>>> print(open('final_13.cif').read())   # mmCIF, C-alpha atoms
data_coords
loop_
_atom_site.group_PDB
_atom_site.id
_atom_site.type_symbol
_atom_site.label_atom_id
_atom_site.label_comp_id
_atom_site.auth_asym_id
_atom_site.auth_seq_id
_atom_site.Cartn_x
_atom_site.Cartn_y
_atom_site.Cartn_z
ATOM 1 C CA MET A 1 -10.408 12.707 -21.693
ATOM 2 C CA ILE A 2 -11.408 14.212 -18.345
ATOM 3 C CA ASN A 3 -14.649 12.220 -18.281
ATOM 4 C CA SER A 4 -12.966 9.041 -19.476
ATOM 5 C CA ASN A 5 -11.763 6.162 -17.347
ATOM 6 C CA ALA A 6 -8.202 6.490 -18.632
ATOM 7 C CA PHE A 7 -6.766 7.261 -15.201
ATOM 8 C CA ASN A 8 -8.573 4.598 -13.146
ATOM 9 C CA TYR A 9 -5.597 2.252 -12.886
ATOM 10 C CA ILE A 10 -3.221 5.160 -12.343
ATOM 11 C CA ASN A 11 -5.351 6.398 -9.444
ATOM 12 C CA VAL A 12 -5.389 2.963 -7.794
ATOM 13 C CA LEU A 13 -1.652 2.510 -8.348
ATOM 14 C CA ASP A 14 -1.076 5.981 -6.896
ATOM 15 C CA LYS A 15 -3.006 5.079 -3.731
ATOM 16 C CA ALA A 16 -1.026 1.832 -3.443
ATOM 17 C CA ALA A 17 2.259 3.738 -3.853
ATOM 18 C CA ASP A 18 1.150 6.170 -1.141
ATOM 19 C CA ALA A 19 0.428 3.231 1.157
ATOM 20 C CA SER A 20 3.821 1.715 0.395
ATOM 21 C CA TRP A 21 5.528 5.043 1.153
ATOM 22 C CA LEU A 22 3.684 5.261 4.487
ATOM 23 C CA ARG A 23 4.679 1.683 5.289
ATOM 24 C CA ASN A 24 8.291 2.606 4.595
ATOM 25 C CA GLU A 25 8.006 5.453 7.111
ATOM 26 C CA ALA A 26 6.358 3.158 9.671
ATOM 27 C CA ILE A 27 9.111 0.562 9.308
ATOM 28 C CA ALA A 28 11.785 3.247 9.645
ATOM 29 C CA ASN A 29 10.017 4.476 12.787
ATOM 30 C CA ASN A 30 9.910 0.907 14.125
ATOM 31 C CA LEU A 31 13.638 0.496 13.560
ATOM 32 C CA ALA A 32 14.359 3.854 15.206
ATOM 33 C CA ASN A 33 12.391 2.745 18.273
ATOM 34 C CA ALA A 34 13.724 -0.810 18.449
ATOM 35 C CA ASP A 35 15.294 -0.051 21.857
ATOM 36 C CA THR A 36 12.437 2.049 23.271
ATOM 37 C CA PRO A 37 10.807 0.251 26.215
ATOM 38 C CA GLY A 38 7.081 -0.371 25.709
ATOM 39 C CA TYR A 39 7.108 0.655 22.042
ATOM 40 C CA LYS A 40 4.691 -1.273 19.816
ATOM 41 C CA ARG A 41 5.514 -1.632 16.158
ATOM 42 C CA GLU A 42 3.405 0.192 13.581
ATOM 43 C CA ASP A 43 2.198 -0.999 10.222
ATOM 44 C CA ILE A 44 -0.118 0.125 7.448
ATOM 45 C CA THR A 45 -3.335 -1.540 6.393
ATOM 46 C CA PHE A 46 -4.191 -1.044 2.749
ATOM 47 C CA GLU A 47 -4.076 -4.324 0.868
ATOM 48 C CA LYS A 48 -7.086 -5.798 2.694
ATOM 49 C CA GLU A 49 -9.183 -2.714 1.925
ATOM 50 C CA LEU A 50 -8.186 -2.830 -1.742
ATOM 51 C CA LYS A 51 -8.942 -6.545 -1.941
ATOM 52 C CA ARG A 52 -12.319 -6.029 -0.290
ATOM 53 C CA ALA A 53 -13.152 -3.181 -2.678
ATOM 54 C CA LEU A 54 -12.183 -5.232 -5.729
ATOM 55 C CA LYS A 55 -14.141 -8.310 -4.601
ATOM 56 C CA TYR A 56 -17.347 -6.293 -4.323
ATOM 57 C CA ASN A 57 -18.775 -7.894 -7.445
ATOM 58 C CA ASP A 58 -17.225 -11.182 -8.533
ATOM 59 C CA TYR A 59 -18.980 -11.097 -11.911
ATOM 60 C CA GLU A 60 -17.379 -7.892 -13.187
ATOM 61 C CA THR A 61 -14.162 -7.598 -15.151
ATOM 62 C CA MET A 62 -11.155 -6.033 -13.472
ATOM 63 C CA ASP A 63 -11.638 -2.914 -15.623
ATOM 64 C CA ALA A 64 -15.201 -2.543 -14.352
ATOM 65 C CA LYS A 65 -14.154 -3.138 -10.750
ATOM 66 C CA VAL A 66 -11.420 -0.515 -10.947
ATOM 67 C CA SER A 67 -13.725 1.984 -12.626
ATOM 68 C CA HIS A 68 -16.233 1.630 -9.766
ATOM 69 C CA LEU A 69 -13.622 2.153 -7.045
ATOM 70 C CA SER A 70 -13.877 5.351 -5.109
ATOM 71 C CA SER A 71 -10.373 6.597 -4.433
ATOM 72 C CA ASP A 72 -11.671 8.269 -1.277
ATOM 73 C CA ARG A 73 -12.409 4.829 0.184
ATOM 74 C CA LEU A 74 -8.881 3.594 -0.483
ATOM 75 C CA LYS A 75 -6.966 5.183 2.345
ATOM 76 C CA PRO A 76 -3.979 3.563 4.012
ATOM 77 C CA ARG A 77 -4.323 3.488 7.778
ATOM 78 C CA THR A 78 -1.610 3.238 10.392
ATOM 79 C CA TYR A 79 -2.148 0.868 13.292
ATOM 80 C CA LYS A 80 -0.188 -0.293 16.336
ATOM 81 C CA ASP A 81 0.580 -4.004 16.443
ATOM 82 C CA TYR A 82 -0.403 -4.934 19.986
ATOM 83 C CA MET A 83 -0.838 -8.576 19.037
ATOM 84 C CA GLY A 84 2.756 -8.999 17.878
ATOM 85 C CA TYR A 85 5.030 -11.350 19.744
ATOM 86 C CA GLU A 86 6.881 -9.636 22.573
ATOM 87 C CA TYR A 87 10.173 -11.373 23.026
ATOM 88 C CA ARG A 88 11.579 -8.724 25.352
ATOM 89 C CA LEU A 89 10.720 -8.044 28.979
ATOM 90 C CA ASP A 90 10.371 -4.276 28.422
ATOM 91 C CA GLY A 91 7.206 -4.711 26.268
ATOM 92 C CA ASN A 92 8.806 -3.692 22.964
ATOM 93 C CA ASN A 93 7.711 -5.970 20.102
ATOM 94 C CA VAL A 94 10.067 -4.730 17.352
ATOM 95 C CA ASP A 95 12.354 -7.352 15.857
ATOM 96 C CA PRO A 96 14.977 -5.429 13.840
ATOM 97 C CA GLU A 97 15.753 -8.400 11.594
ATOM 98 C CA THR A 98 12.094 -8.836 10.658
ATOM 99 C CA GLU A 99 11.690 -5.087 10.121
ATOM 100 C CA ASN A 100 14.694 -5.046 7.756
ATOM 101 C CA VAL A 101 13.194 -7.883 5.715
ATOM 102 C CA LEU A 102 9.854 -6.038 5.596
ATOM 103 C CA LEU A 103 11.674 -2.859 4.553
ATOM 104 C CA ALA A 104 13.382 -4.631 1.633
ATOM 105 C CA LYS A 105 10.080 -6.212 0.579
ATOM 106 C CA ASN A 106 8.315 -2.868 0.758
ATOM 107 C CA GLN A 107 11.021 -1.105 -1.251
ATOM 108 C CA LEU A 108 10.624 -3.685 -4.018
ATOM 109 C CA MET A 109 6.848 -3.202 -3.888
ATOM 110 C CA TYR A 110 7.191 0.575 -4.155
ATOM 111 C CA GLU A 111 9.584 0.290 -7.097
ATOM 112 C CA GLY A 112 7.172 -2.056 -8.867
ATOM 113 C CA LEU A 113 4.251 0.312 -8.304
ATOM 114 C CA ILE A 114 6.200 3.291 -9.660
ATOM 115 C CA ASN A 115 7.200 1.240 -12.717
ATOM 116 C CA SER A 116 3.538 0.300 -13.236
ATOM 117 C CA ILE A 117 2.455 3.942 -13.024
ATOM 118 C CA ASN A 118 5.119 4.907 -15.557
ATOM 119 C CA GLN A 119 3.952 2.111 -17.863
ATOM 120 C CA GLU A 120 0.347 3.327 -17.660
ATOM 121 C CA PHE A 121 1.455 6.831 -18.648
ATOM 122 C CA SER A 122 3.498 5.363 -21.513
ATOM 123 C CA ASN A 123 0.370 3.522 -22.700
ATOM 124 C CA LEU A 124 -1.603 6.766 -22.586
ATOM 125 C CA GLN A 125 1.096 8.575 -24.570
ATOM 126 C CA LEU A 126 1.086 5.812 -27.159
ATOM 127 C CA ALA A 127 -2.691 6.014 -27.461
ATOM 128 C CA ILE A 128 -2.556 9.783 -27.914
ATOM 129 C CA LYS A 129 0.211 9.580 -30.546
ATOM 130 C CA SER A 130 -1.657 6.951 -32.556
ATOM 131 C CA LYS A 131 -4.637 9.279 -33.117
#
>>> encode(input="final_13.cif", output="structure tokens")
Amino acid sequence: MINSNAFNYINVLDKAADASWLRNEAIANNLANADTPGYKREDITFEKELKRALKYNDYETMDAKVSHLSSDRLKPRTYKDYMGYEYRLDGNNVDPETENVLLAKNQLMYEGLINSINQEFSNLQLAIKSK
């Protein structure tokens, strides 16, 4: 089992859940600094890297693409959003209403990822019991 590809999807889902958790922290930090002059909102980049890694070979199945992914290459990165619209004179570009919507979206994403991880483990348990 150690040399099998049974945990490929779980590893990718785990990295995505980590990225979602980091995004949650970034959004919370943005909301905490909504009144800080000159503060630039933070976000996490992960989805583009995952998409790029999965598009590497268009002629492979999803199983093959996931099995070729190196989990070391899938790292969420924090960045400052300097390009965001600054609607305030003090240089802060955090819009609390937008951040709250992003927070709700991210919480739903995280919950879905955790449910997917649990389902993958349930599938593994079922496969082990059927032997």
>>> residues_around(input="final_13.cif", residues="A:Met109", least_positions_apart="4", cutoff="10 Å", atoms="all atoms listed in the file", output="list in words")
Ala16, Ala17, Ser20, Trp21, Leu103, Ala104, Lys105, Leu113, Ile114 and Asn115 of chain A
>>> resolve_selection(input="final_13.cif", expression="the PyMOL selection byres ((chain A and resi 41) around 8)", output="number ranges by chain")
A: 30, 39-40, 42-43, 80-82, 92-94
>>> atom_distance(input="final_13.cif", atom1="atom CA of A:Gln125", atom2="atom CA of A:Lys51")
29.0 Å
>>> atom_distance(input="final_13.cif", atom1="atom CA of A:Asn11", atom2="atom CA of A:Ser130")
23.4 Å
>>> residues_around(input="final_13.cif", residues="A:Asn8", least_positions_apart="4", cutoff="9 Å", atoms="all atoms listed in the file", output="PyMOL selection string")
chain A and resi 4+12-13+63+66-69
>>> closest_residue(input="final_13.cif", among="A:Arg77, A:Leu50, A:Ser122, A:Ala34", to="A:Thr98", atoms="all atoms listed in the file")
A:Ala34
>>> closest_residue(input="final_13.cif", among="A:Leu126, A:Pro37, A:Arg52, A:Leu102", to="A:Glu86", atoms="all atoms listed in the file")
A:Pro37
>>> atom_distance(input="final_13.cif", atom1="atom CA of A:Ile27", atom2="atom CA of A:Tyr79")
11.9 Å
>>> residues_near_point(input="final_13.cif", point="(0.0, 2.7, 1.5)", cutoff="9 Å", atoms="all atoms listed in the file", output="list in words")
Lys15, Ala16, Ala17, Asp18, Ala19, Ser20, Trp21, Leu22, Arg23, Asn24, Ile44, Thr45, Phe46, Glu47, Lys75, Pro76 and Arg77 of chain A
>>> closest_residue(input="final_13.cif", among="A:Asn118, A:Asn123, A:Tyr87, A:Asn106", to="A:Ala26", atoms="only C-alpha atoms")
A:Asn106
>>> build_atoms(input="final_13.cif", residues="stretch 42-69 of chain A", atoms="N, CA and C atoms", output="short mmCIF file (atom, residue, chain, number, x, y, z; two decimals), in the frame of the given file")
data_model
loop_
_atom_site.label_atom_id
_atom_site.label_comp_id
_atom_site.auth_asym_id
_atom_site.auth_seq_id
_atom_site.Cartn_x
_atom_site.Cartn_y
_atom_site.Cartn_z
N GLU A 42 4.48 -0.34 14.40
CA GLU A 42 3.40 0.19 13.58
C GLU A 42 3.44 -0.47 12.21
N ASP A 43 2.29 -0.52 11.59
CA ASP A 43 2.20 -1.00 10.22
C ASP A 43 1.05 -0.27 9.54
N ILE A 44 0.90 -0.51 8.26
CA ILE A 44 -0.12 0.12 7.45
C ILE A 44 -1.08 -0.94 6.95
N THR A 45 -2.35 -0.65 6.99
CA THR A 45 -3.34 -1.54 6.39
C THR A 45 -3.86 -0.88 5.12
N PHE A 46 -3.69 -1.54 4.03
CA PHE A 46 -4.19 -1.04 2.75
C PHE A 46 -4.62 -2.20 1.85
N GLU A 47 -3.83 -3.23 1.79
CA GLU A 47 -4.08 -4.32 0.87
C GLU A 47 -5.43 -5.00 1.12
N LYS A 48 -5.80 -5.17 2.39
CA LYS A 48 -7.09 -5.80 2.69
C LYS A 48 -8.25 -4.94 2.23
N GLU A 49 -8.13 -3.62 2.38
CA GLU A 49 -9.18 -2.71 1.92
C GLU A 49 -9.30 -2.74 0.41
N LEU A 50 -8.16 -2.76 -0.28
CA LEU A 50 -8.19 -2.83 -1.74
C LEU A 50 -8.79 -4.15 -2.21
N LYS A 51 -8.41 -5.23 -1.58
CA LYS A 51 -8.94 -6.54 -1.94
C LYS A 51 -10.45 -6.59 -1.71
N ARG A 52 -10.89 -6.07 -0.60
CA ARG A 52 -12.32 -6.03 -0.29
C ARG A 52 -13.07 -5.18 -1.33
N ALA A 53 -12.51 -4.05 -1.70
CA ALA A 53 -13.15 -3.18 -2.68
C ALA A 53 -13.22 -3.83 -4.06
N LEU A 54 -12.20 -4.58 -4.42
CA LEU A 54 -12.18 -5.23 -5.73
C LEU A 54 -13.05 -6.49 -5.77
N LYS A 55 -13.32 -7.10 -4.64
CA LYS A 55 -14.14 -8.31 -4.60
C LYS A 55 -15.63 -7.99 -4.50
N TYR A 56 -15.96 -6.71 -4.52
CA TYR A 56 -17.35 -6.29 -4.32
C TYR A 56 -18.30 -7.03 -5.25
N ASN A 57 -17.94 -7.17 -6.50
CA ASN A 57 -18.77 -7.89 -7.44
C ASN A 57 -17.90 -8.87 -8.21
N ASP A 58 -18.06 -10.15 -7.92
CA ASP A 58 -17.23 -11.18 -8.53
C ASP A 58 -17.48 -11.36 -10.02
N TYR A 59 -18.60 -10.86 -10.52
CA TYR A 59 -18.98 -11.10 -11.91
C TYR A 59 -18.56 -9.97 -12.85
N GLU A 60 -17.85 -8.99 -12.35
CA GLU A 60 -17.38 -7.89 -13.19
C GLU A 60 -15.94 -8.14 -13.62
N THR A 61 -15.56 -7.53 -14.72
CA THR A 61 -14.16 -7.60 -15.15
C THR A 61 -13.34 -6.71 -14.23
N MET A 62 -12.03 -6.87 -14.29
CA MET A 62 -11.16 -6.03 -13.47
C MET A 62 -11.30 -4.56 -13.87
N ASP A 63 -11.44 -4.30 -15.17
CA ASP A 63 -11.64 -2.91 -15.62
C ASP A 63 -12.88 -2.30 -14.98
N ALA A 64 -13.96 -3.05 -14.94
CA ALA A 64 -15.20 -2.54 -14.35
C ALA A 64 -15.05 -2.34 -12.85
N LYS A 65 -14.36 -3.27 -12.19
CA LYS A 65 -14.15 -3.14 -10.75
C LYS A 65 -13.34 -1.89 -10.42
N VAL A 66 -12.28 -1.67 -11.19
CA VAL A 66 -11.42 -0.52 -10.95
C VAL A 66 -12.16 0.78 -11.25
N SER A 67 -12.99 0.76 -12.28
CA SER A 67 -13.72 1.98 -12.63
C SER A 67 -14.76 2.34 -11.57
N HIS A 68 -15.24 1.36 -10.82
CA HIS A 68 -16.23 1.63 -9.77
C HIS A 68 -15.61 1.99 -8.42
N LEU A 69 -14.29 1.85 -8.31
CA LEU A 69 -13.62 2.15 -7.04
C LEU A 69 -13.66 3.65 -6.76
#
